[in-house]
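This report refers to the structure that appears directly beneath it.
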Amino acid sequence: MTRTAFAFFFFLFALSSFSQQEINGRVLYMQTRKPVVSASVTLHPVGSKSILAYTVTAKDGSFTLKHGHLPDSVTLTVSAMTIERQSKTLKSNAEAVELLVAEKAMELEEVVVKAPKIRQTGDTLNYSVSSFTDETDRNIGDVLKKLPGVQVLSSGQILYQNKAISRFYIEGLDLLKGKYSLATQNVDASKVATVQIWENHQPIKALKDMDIPETAAINLKLKDAAIGAFFATAQAGAGLPPVLLSNEAVGMRFTRSQQNMLVYKGDDTGRDISRELTAHYNTLGDSQTNFLSVIAPSAPSIKEQHFLFNDAHIASLNDLRSLKKDLTLTSGINFMYDRQKSSSLSKQEIFPNQSDTIRIQEDMDARLLKRELDGSFVLEENTDTRFLNNTLRFKGSWNTKNSGVTTDEPITQYLKQPSFHIANEFEYILRKNDKRNSVKARVEYISQQHSLRVSPMLFEDLQNDDSLARQEVSLDRFSAEASLSRNKNIKRISIGYTTRVSFNRYLMESNLYPGFDSRPPADSVQNRLCRSETRFIVSPSISYLTPSAFYASLSFPINYLVLNRNDKVRDIKQNEGHLLFFPFFVTQYPFNSRICFSSNLSFSNDIASVNEDYLGYILTSYRSMNRNDGLLPENRRTSAIANLSYKNPNTTLFMYLQLGYDILWQNMLYGVNYNGILSSRTNILHPNTSHNYRIGYSLGKSIDAINSEVKITGGYLRSTAIAMNQGQISDYSSDLYSLSSNITTNISRKVIFKHEASYQQIHSKIRDNKMSPVNYFSQDISTALTPLKKLTFTLSFNHYFNDMIESSARSSWFGNVRAKYRMKNVDLMLDWTNIFNTKRFVTASYSDISSYYAEYSLRPAEILLRLRFKIF
C-alpha cells in the first residue's frame, strides 16, 4: 500500500481520538414533574453569552448537548414561552442533569407566528412543505427540487448532501421499493405537511446502533386529512399537429398500515413518462448483456419535449399491507409500452495519427419499441430483534430497434432484444443482546435471445447474393449464492465475519449467417461457450462507534475464484484459480450537530466477464465486427473519497465538499482498427494506468430577504489515460470544469421567477497536442404571473450555447407558454411549446481522437389542451 494510503489511514484514526463531550439531561415542570417539550437548551462558558451548543428538548423532556472541547465548568440555560428562564453552572463532565422549572403564564399581544422552514430533532430534519410551495408547484417532486441540501437529478434520483438516498417512505412505509418517481410525480404537494430527512438511516431495526449507514432516507408526512383518504385524479389532453394525446388516471390511499397506488399514463407530447418506473434502489441488477447494437441518433442535451417523438404508455399497481405488527407484504406490477422515433445527420472525424483522418457521415432515421413488464413481491418482518425479508422479482422485455442509415448507400438495421429475468432473495437476521447472526441466499436466472439483421453486408468477406447478414446471440445465466454472518459487540467495538459461496454459470452462443442461409456458419463467426465461476469468500470485519457518533469500519473480503471456461467450437478448456481482495475502510465523524466528515477508502482486483471470452467474430453493428484474442483481462482499482458537509436548519444553509481520487490498473489495452468506416476492436497485453481526480461542491439556502431559494453546485474532474487506435498508443488527458445554479424567487404573491443555468468548460490534450477549450452553456428562464386568484400564465425560455460550433447554430433558443386556470376540482391547462418553431438543433463535441457533429430534427410548434380533475 502506498505512503499516501498509510497517511490517510493514520489521519482518520487520529481523528477518532478527538471525541466530543456530551451533557445529557431532562427538563421537568417543578410541580407536576411532567416533561417540558420543545424548550430551548443552550450551553455557555461561565460568565459569557457565547453559545457552545444548542438543542431543544424531546417529547420526554430529554436533551443532549455535544461539543468538541468544553471548559471545566459551563453554564446550562433552559428557556421557553411557558416556563421561567433558568440557568445552572455545572462541571462539563456531568453525566445527567435534571432541571426543575417553574411554569409561567404570559399575557401576549396578538402576533403572527411564522413556523420555521426547517426544524431539526435529533437525526431528523423536518422541511415544512408549505414554506417552499408556490403557485407553479403541483406534485411533491416540484417542492423537493427547492429544498436546501436536496438534489433531484434529471433521472429522478434524489440526493441528500450529494449522496443518493437509501429509502423513500410515505408515512414510514416503503411502498414503491425504489420506484419513488411514481410518488414524486403523482403525490399532490398540497397533501404533504412535512418532508423528513432521516440522516444515517438504518432501515433494519435489529442493526440499530450496530451498523451506521452513511446515507439518509426521505419520509413524507401527510396532512391529517390526507391519511386514510382515497384520492383519484384523471387527465384528458389533446392537441395538434397532427394529433397529440396526454391522458392519465391516478389513484392512491395511504395509512400507517396499508397503502395503495395505481397509475396509468399515456403521452405522445415528448414527455418521458417511462422514467417514473426507474428503480433507484432495490434494483434487479443488470438484466441484459448487450453484444449487439444499432447505429442510431443519440439523445441531444436539450429538454426532451423538443426532440422526443414518442407514444408512451405506463401502468403501475402497488400495494402494501400489514399482516400483523412489524410484518408487511408489498407487491408491485409495472408495464411500459414506448414507441420512439428519431432522426439526425452526424459527421465524425477520427484522427488515429497526425497524418490520417477517417470521416464517417451518417443520415439516420431510427425507431425504438420498448415493451417491458416487471414485478416484485416482498414479505418483510422488521422488529428490534429479528429481521426477515424474502423478495421475488421478475422482468420481461420485448424490445426492438430498427434504423435506416444512409452513407454511400442506404443501410437497414433491425435488432430484436427479448429477455427474461427472475430472482429470489432471502435474508434473516437474529439479534440477541450484543450478538447478531444473519443468513442470506439468492437464486437468479437470466435468458436472452438477441438478433441483428443488416442489409447490405459491408464486410467483403461475408457478402452474399442475398445482400443480408443475420447475427444471433443467446445468453443464459444461472447464479446462486449463500452466506452466513456473525457479529458481536464488545463495548464500542463490533467484530464479525461473513462466509459466502456463490456460483455463476453462463451459456453463450452466437452465429453469423449469410443471407437467409440457416446452415452452420464458419467457425470464425460462431461461438459456443460455457463459463462457470465459483467463489469462496471470507470477509472479516471490525467497526468502532463512540458515544459522540464517531464511526469507523474496516472490512477485508478475501475471494478465491475458481474459473472454468470451455470454448466448444475451438475445443479450448481453461481452468484457473484467482485470489482476489476487496478491502474497504469507512469513517464518519460529526464534529458537532452541523459539521460532519466522512470518508471511504477501497481497493479491488478482478477479472473480466463473459463479454471478454468469445473468440469468434460477432457483428456488433452494421460497421463493427469484434472478437477477443483469448487473453484474460485483469484490473485493480483503488478509490478514496472524503466528504465534508455542513447544515444549519436555523439559517437554512446547507453545504458539502467532496474530494475523490481513483486509480485503475489494467493488464490490457483496448483499441479500434479502422478500414474506411468499418472497424474492429483490438486488444493487446499492455499494462496501463488511468487516474481520475475530482472535486465537487454544493450550496443551498433560503434567502428570506428576497423570498428566494438558491442552489449552487460545481466541480472539477481531471482524467489521464492512454488510448490506442490503428495500433498507435497515445497519451490522453482532459480537464472538466462545471458550475450550475438554480434560483426560485417569489417577487410577490402574483409573480414567481425561476432561473436555472449550467456551464461546462473542457480542456483536452492528445499526445502533445492541446486542443482549444470547449464551452457549453444552457439556461432555463421562466416567469409565472397570477393576475387573478385562479389564473396563472407561465412564460419560459430554454437556451443552449456551444462555442465549438462556428455557425449561428452555436446558440439555440426555445420558447414555451402555459396558461392554467384552477377551479374547485378541475385544472384547465393550455400549453404552447416551441413557439419559435425551431426545427433543428446542432451539437458538437470531441473525445480522445475524434470530433463529432450532429444535426437533430425537432418537434414543431405544438398546442396542447389538458383537463385535470379530481374524481375523489
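Naming works like this for the C-alpha cells: A, B, ... for the chains as they're shown, residue 1 at the start of each chain, ligands 1 onward in shown order.
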
Env of Ala469 of chain A: 9 Å cut, atoms = only C-alpha atoms, seq-sep filter 4 positions within chain, self excluded. Answer as a PyMOL selection string.
chain A and resi 452-457+462-464+512-516+619

Can you tell me which residues surround Ile51 of chain A at a distance of at most 12 Å, considering only C-alpha atoms, apart from same-chain residues fewer than 2 positions away, and format the answer as a PyMOL selection string?
chain A and resi 41-49+53-55+65-67+70+74-77

Going by DSSP on the backbone, which residues of segment 526-569 of chain A come out as strand (DSSP E or B)? List them as a PyMOL selection string.
chain A and resi 526-545+551-555+558-567

Counting only C-alpha atoms, which residue out of A:Val243, A:Val751, A:Ile411, A:Ala757 sits closest to Thr713 of chain A?
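Selected residue with least distance to Thr713 of chain A: A:Ala757.
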
Atomic distance atom CA of Asp735 of chain A - atom CA of Ile762 of chain A, expressed in Å with one decimal
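These atoms are spaced 5.7 Å apart.
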